[in-house]
Structure formats: C-alpha cells, structure tokens
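K.L.:
Structure incoming, see below.
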Amino acid sequence: MSTLADCRIKIQLKSAWTSGLNPKNGFVSVNLSNNRLKLLAQSPVIVHRILVAMIVPEDVAEWVEASHDIFSLRHCAYWSSVTGLQPSGVENTAVRVPTNQIFNDMALCDIMARVGVGGTP
C-alpha cells in the first residue's frame, strides 16, 4: 500500500511573444525583476519554485480559446528550476528556460513526484 506525500511547488508563469515557435537555440528567454528572481531562486528551499515560460503570439486571439465547452491555450510552455540563480542585470535579469523541458501534465506529475519524495523539481 502506497502513501501520498504532501507536496507543494510554486510556479511563476511568464509569457514571451518575441521568440519564434520552437526556438532553434534551445531556450526561451524571459525577463524577471531582480527582486522576483531572488524570491524564486532563494536557497535553502522550503517550498520548491519553478519558472514556466510560455511562447505566445503577440495577438491573444491567436493563442487562447475560451468558451463554456473549452479552455485551450495554443503553442508551448517550458519550465526550469531557478534555485540558486543570481541576478545578472541592474534591475532585471534575462532567464533562459530550456526548450527540452516542455511543461505539460506529465511534466507536472513528474515534478510533483520528485518533490514529494524529497527531491528537486
């Protein structure tokens, strides 16, 4: 018989419409204020935090559909743990989120499973 562990993570969602879909360079870059980055990156970790970057077209009508029957987001989101990352800009820092870490339902389940047994995202 297995028991479920109490597991919490916090997610910072950022959108990036300046990047093209499926960037060839292997990452999506999003800007965070240095204060926000310090909060997300603090160590030691009590509650794990991840950064989720979603590529979206400039026109919201091209990437979201919402009605009584469906709520759908188009394009892709990627995730990264930023624990320990230090600010590099004066007021803001460009954070690279790798495109090989797609944020979807399975990724979230995997992250929660790792954190639930005392691991990292």
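Going by the structure tokens order, chains are called A, B, ..., each with residues numbered from 1, while ligands are numbered from 1 in the order shown.
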Excluding same-chain residues fewer than 2 positions from Val64 of chain A, what lies within 6 Å of it counting only C-alpha atoms, as a list in words?
P.N.:
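Using only C-alpha atoms, the neighbours found are Ala61, Ser72 and Leu73 of chain A.
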K.L.:
DSSP on the backbone: which residues in segment 26-71 of chain A end up as strand (DSSP E or B)? Give the answer as a list in words.
P.N.:
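Restricting segment 26-71 of chain A to strand (DSSP E or B) produces Phe27, Val28, Ser29, Val30, Asn31, Leu32, Ser33, His48, Arg49, Ile50, Leu51, Val52, Ala53, Met54, Ile55, Val64, Glu65, Ala66 and Phe71 of chain A.
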K.L.:
Excluding same-chain residues fewer than 4 positions from Leu39 of chain A, what lies within 12 Å of it counting only C-alpha atoms, as a list of chain:residue names?
P.N.:
A:Lys10, A:Ile11, A:Gln12, A:Leu32, A:Ser33, A:Asn34, A:Asn35, A:Ser43, A:Pro44, A:Val45, A:Ile46, A:Val47, A:His48, A:Arg49, A:Ile50, A:Leu51, A:Val82, A:Thr83, A:Gly84, A:Leu85, A:Gln86, A:Pro87
K.L.:
Give me, as a PDB file with C-alpha atoms, in the first residue's frame, all polymer residues having an atom no more than 12 Å from Leu13 of chain A, counting only C-alpha atoms and skipping those fewer than 2 positions away in the same chain.
P.N.:
```pdb
ATOM      1  CA  LYS A  10       5.088  27.436  -6.558  1.00  0.00           C
ATOM      2  CA  ILE A  11       5.024  28.400 -10.214  1.00  0.00           C
ATOM      3  CA  SER A  15       4.977  34.756 -21.424  1.00  0.00           C
ATOM      4  CA  ALA A  16       7.321  35.523 -24.289  1.00  0.00           C
ATOM      5  CA  VAL A  30      12.159  35.795 -20.219  1.00  0.00           C
ATOM      6  CA  ASN A  31      12.893  38.864 -18.116  1.00  0.00           C
ATOM      7  CA  LEU A  32      12.378  38.808 -14.365  1.00  0.00           C
ATOM      8  CA  ARG A  36      11.326  38.381  -8.212  1.00  0.00           C
ATOM      9  CA  LEU A  40      12.246  32.366  -6.820  1.00  0.00           C
ATOM     10  CA  ARG A  49       9.637  27.061  -7.168  1.00  0.00           C
ATOM     11  CA  ILE A  50       9.763  26.699 -10.916  1.00  0.00           C
ATOM     12  CA  LEU A  51       9.659  29.207 -13.726  1.00  0.00           C
ATOM     13  CA  VAL A  52       7.307  28.418 -16.621  1.00  0.00           C
ATOM     14  CA  ALA A  53       7.823  30.357 -19.858  1.00  0.00           C
ATOM     15  CA  MET A  54       5.106  30.212 -22.496  1.00  0.00           C
ATOM     16  CA  ILE A  55       5.651  31.292 -26.079  1.00  0.00           C
ATOM     17  CA  ALA A  77       5.315  26.250 -22.360  1.00  0.00           C
ATOM     18  CA  TYR A  78       8.683  25.263 -20.905  1.00  0.00           C
ATOM     19  CA  TRP A  79       9.860  25.022 -17.312  1.00  0.00           C
ATOM     20  CA  SER A  80      13.013  25.395 -15.282  1.00  0.00           C
ATOM     21  CA  VAL A  97      14.380  28.370 -19.922  1.00  0.00           C
ATOM     22  CA  PHE A 103       5.654  21.973 -19.286  1.00  0.00           C
TER      23      PHE A 103
END
```
K.L.:
Of the candidates A:Thr93, A:Gln101, A:Gln42, A:Thr120, which shows the shortest atom-to-atom distance to Phe27 of chain A, using only C-alpha atoms?
P.N.:
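Checking each candidate against Phe27 of chain A, we get A:Gln101 as the closest.
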K.L.:
Among chain A, which residues does DSSP mark as helix (DSSP H, G or I) when it is run on the backbone? Keep the chain and numbering as in the structure and answer as a compact mmCIF listing (two decimals) with all heavy atoms, in the first residue's frame.
P.N.:
```
# COMPACT_ATOMS: atom_id res chain seq x y z
N ASN A 34 14.87 41.63 -10.67
CA ASN A 34 15.85 41.00 -9.77
C ASN A 34 15.21 40.63 -8.44
O ASN A 34 15.57 39.60 -7.86
CB ASN A 34 17.05 41.92 -9.56
CG ASN A 34 17.91 41.99 -10.80
OD1 ASN A 34 17.82 41.15 -11.70
ND2 ASN A 34 18.76 43.00 -10.88
N ASN A 35 14.27 41.42 -7.95
CA ASN A 35 13.59 41.07 -6.70
C ASN A 35 12.81 39.78 -6.85
O ASN A 35 12.81 38.93 -5.96
CB ASN A 35 12.67 42.21 -6.25
CG ASN A 35 13.43 43.41 -5.74
OD1 ASN A 35 14.59 43.29 -5.34
ND2 ASN A 35 12.80 44.56 -5.76
N ARG A 36 12.09 39.60 -7.98
CA ARG A 36 11.33 38.38 -8.21
C ARG A 36 12.27 37.19 -8.35
O ARG A 36 12.03 36.12 -7.81
CB ARG A 36 10.46 38.54 -9.46
CG ARG A 36 9.70 37.29 -9.88
CD ARG A 36 8.76 36.77 -8.84
NE ARG A 36 7.73 37.72 -8.55
CZ ARG A 36 6.75 37.51 -7.69
NH1 ARG A 36 6.65 36.36 -7.05
NH2 ARG A 36 5.86 38.43 -7.44
N LEU A 37 13.38 37.37 -9.08
CA LEU A 37 14.34 36.28 -9.25
C LEU A 37 14.93 35.86 -7.90
O LEU A 37 15.04 34.67 -7.62
CB LEU A 37 15.46 36.69 -10.21
CG LEU A 37 16.54 35.64 -10.43
CD1 LEU A 37 15.95 34.33 -10.95
CD2 LEU A 37 17.61 36.16 -11.38
N LYS A 38 15.26 36.82 -7.06
CA LYS A 38 15.80 36.48 -5.73
C LYS A 38 14.80 35.66 -4.94
O LYS A 38 15.18 34.71 -4.24
CB LYS A 38 16.18 37.75 -4.97
CG LYS A 38 17.42 38.43 -5.50
CD LYS A 38 17.66 39.74 -4.77
CE LYS A 38 18.78 40.54 -5.42
NZ LYS A 38 18.94 41.86 -4.81
N LEU A 39 13.52 36.01 -5.03
CA LEU A 39 12.48 35.25 -4.33
C LEU A 39 12.38 33.83 -4.87
O LEU A 39 12.33 32.86 -4.11
CB LEU A 39 11.13 35.96 -4.46
CG LEU A 39 9.94 35.26 -3.83
CD1 LEU A 39 10.08 35.22 -2.31
CD2 LEU A 39 8.65 35.94 -4.22
N LEU A 40 12.37 33.69 -6.20
CA LEU A 40 12.25 32.37 -6.82
C LEU A 40 13.48 31.50 -6.58
O LEU A 40 13.39 30.28 -6.48
CB LEU A 40 12.01 32.50 -8.32
CG LEU A 40 10.69 33.06 -8.78
CD1 LEU A 40 10.71 33.31 -10.28
CD2 LEU A 40 9.56 32.11 -8.42
N ALA A 41 14.66 32.14 -6.54
CA ALA A 41 15.92 31.40 -6.52
C ALA A 41 16.47 31.15 -5.12
O ALA A 41 17.51 30.52 -4.97
CB ALA A 41 16.95 32.15 -7.35
N VAL A 60 -3.47 37.95 -28.71
CA VAL A 60 -4.03 36.95 -27.80
C VAL A 60 -5.08 36.08 -28.49
O VAL A 60 -5.24 34.90 -28.16
CB VAL A 60 -4.60 37.60 -26.51
CG1 VAL A 60 -5.85 38.40 -26.80
CG2 VAL A 60 -4.86 36.57 -25.44
N ALA A 61 -5.80 36.62 -29.46
CA ALA A 61 -6.83 35.84 -30.16
C ALA A 61 -6.24 34.66 -30.92
O ALA A 61 -6.94 33.70 -31.22
CB ALA A 61 -7.61 36.74 -31.12
N GLU A 62 -4.94 34.70 -31.19
CA GLU A 62 -4.29 33.61 -31.92
C GLU A 62 -3.83 32.46 -31.01
O GLU A 62 -3.42 31.42 -31.51
CB GLU A 62 -3.08 34.14 -32.68
CG GLU A 62 -3.43 35.10 -33.80
CD GLU A 62 -2.19 35.61 -34.50
OE1 GLU A 62 -1.14 34.95 -34.45
OE2 GLU A 62 -2.28 36.70 -35.09
N ASP A 105 1.04 18.21 -18.59
CA ASP A 105 0.51 17.45 -17.46
C ASP A 105 1.49 16.39 -16.95
O ASP A 105 1.66 16.22 -15.75
CB ASP A 105 -0.84 16.83 -17.81
CG ASP A 105 -0.79 15.91 -19.02
OD1 ASP A 105 0.10 16.09 -19.89
OD2 ASP A 105 -1.64 15.02 -19.13
N MET A 106 2.17 15.72 -17.86
CA MET A 106 3.12 14.68 -17.45
C MET A 106 4.34 15.29 -16.75
O MET A 106 4.83 14.74 -15.77
CB MET A 106 3.55 13.83 -18.65
CG MET A 106 2.42 12.99 -19.22
SD MET A 106 1.61 11.91 -17.99
CE MET A 106 2.96 10.86 -17.50
N ALA A 107 4.82 16.41 -17.26
CA ALA A 107 5.95 17.07 -16.62
C ALA A 107 5.59 17.50 -15.20
O ALA A 107 6.37 17.32 -14.27
CB ALA A 107 6.40 18.28 -17.44
N LEU A 108 4.38 18.06 -15.03
CA LEU A 108 3.95 18.47 -13.70
C LEU A 108 3.85 17.27 -12.76
O LEU A 108 4.29 17.34 -11.62
CB LEU A 108 2.62 19.22 -13.77
CG LEU A 108 2.07 19.73 -12.44
CD1 LEU A 108 3.07 20.67 -11.75
CD2 LEU A 108 0.73 20.43 -12.65
N CYS A 109 3.31 16.17 -13.24
CA CYS A 109 3.23 14.95 -12.41
C CYS A 109 4.62 14.47 -12.02
O CYS A 109 4.86 14.09 -10.87
CB CYS A 109 2.47 13.85 -13.15
SG CYS A 109 0.70 14.14 -13.26
N ASP A 110 5.56 14.50 -12.96
CA ASP A 110 6.94 14.07 -12.67
C ASP A 110 7.60 15.00 -11.65
O ASP A 110 8.28 14.54 -10.73
CB ASP A 110 7.77 14.04 -13.95
CG ASP A 110 7.38 12.91 -14.89
OD1 ASP A 110 6.67 11.97 -14.45
OD2 ASP A 110 7.78 12.98 -16.07
N ILE A 111 7.40 16.30 -11.82
CA ILE A 111 7.96 17.27 -10.88
C ILE A 111 7.40 17.03 -9.48
O ILE A 111 8.14 16.97 -8.49
CB ILE A 111 7.66 18.72 -11.34
CG1 ILE A 111 8.44 19.06 -12.61
CG2 ILE A 111 7.95 19.73 -10.22
CD1 ILE A 111 7.95 20.32 -13.32
N MET A 112 6.08 16.87 -9.39
CA MET A 112 5.44 16.64 -8.09
C MET A 112 5.91 15.33 -7.46
O MET A 112 6.10 15.26 -6.25
CB MET A 112 3.92 16.66 -8.24
CG MET A 112 3.37 17.98 -8.75
SD MET A 112 3.60 19.34 -7.63
CE MET A 112 2.26 19.06 -6.49
N ALA A 113 6.09 14.30 -8.27
CA ALA A 113 6.55 13.02 -7.74
C ALA A 113 7.97 13.16 -7.16
O ALA A 113 8.26 12.64 -6.07
CB ALA A 113 6.54 11.95 -8.84
N ARG A 114 8.86 13.86 -7.86
CA ARG A 114 10.23 14.05 -7.35
C ARG A 114 10.23 14.86 -6.07
O ARG A 114 10.90 14.51 -5.09
CB ARG A 114 11.10 14.71 -8.42
CG ARG A 114 11.45 13.79 -9.56
CD ARG A 114 12.53 14.40 -10.47
NE ARG A 114 12.10 15.62 -11.13
CZ ARG A 114 11.46 15.67 -12.31
NH1 ARG A 114 11.15 14.56 -12.94
NH2 ARG A 114 11.15 16.84 -12.84
N VAL A 115 9.48 15.96 -6.05
CA VAL A 115 9.43 16.82 -4.86
C VAL A 115 8.75 16.08 -3.71
O VAL A 115 9.15 16.20 -2.56
CB VAL A 115 8.71 18.14 -5.18
CG1 VAL A 115 8.44 18.95 -3.93
CG2 VAL A 115 9.54 18.97 -6.17
N GLY A 116 7.75 15.26 -4.02
CA GLY A 116 7.02 14.51 -3.00
C GLY A 116 7.85 13.51 -2.21
O GLY A 116 7.52 13.17 -1.09
```
K.L.:
By how many Å are atom CA of Asp59 of chain A and atom CA of Val28 of chain A apart?
P.N.:
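If I compute the distance from atom CA of Asp59 of chain A to atom CA of Val28 of chain A, I get 18.6 Å.
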K.L.:
To one decimal place in Å, what is the distance between atom CA of Asp6 of chain A and atom CA of Val117 of chain A?
P.N.:
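Between atom CA of Asp6 of chain A and atom CA of Val117 of chain A the gap is 9.2 Å.
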K.L.:
Work out how far atom CA of Trp17 of chain A is from atom CA of Ala66 of chain A, in Å to one decimal.
P.N.:
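Computed distance, atom CA of Ala66 of chain A to atom CA of Trp17 of chain A, equals 19.7 Å.
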K.L.:
Lys24 of chain A: which residues within 12 Å, counting only C-alpha atoms, same-chain residues fewer than 6 positions away excluded, as a list of chain:residue names?
P.N.:
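Listing them by chain and then by number gives A:Pro98, A:Thr99, A:Asn100.
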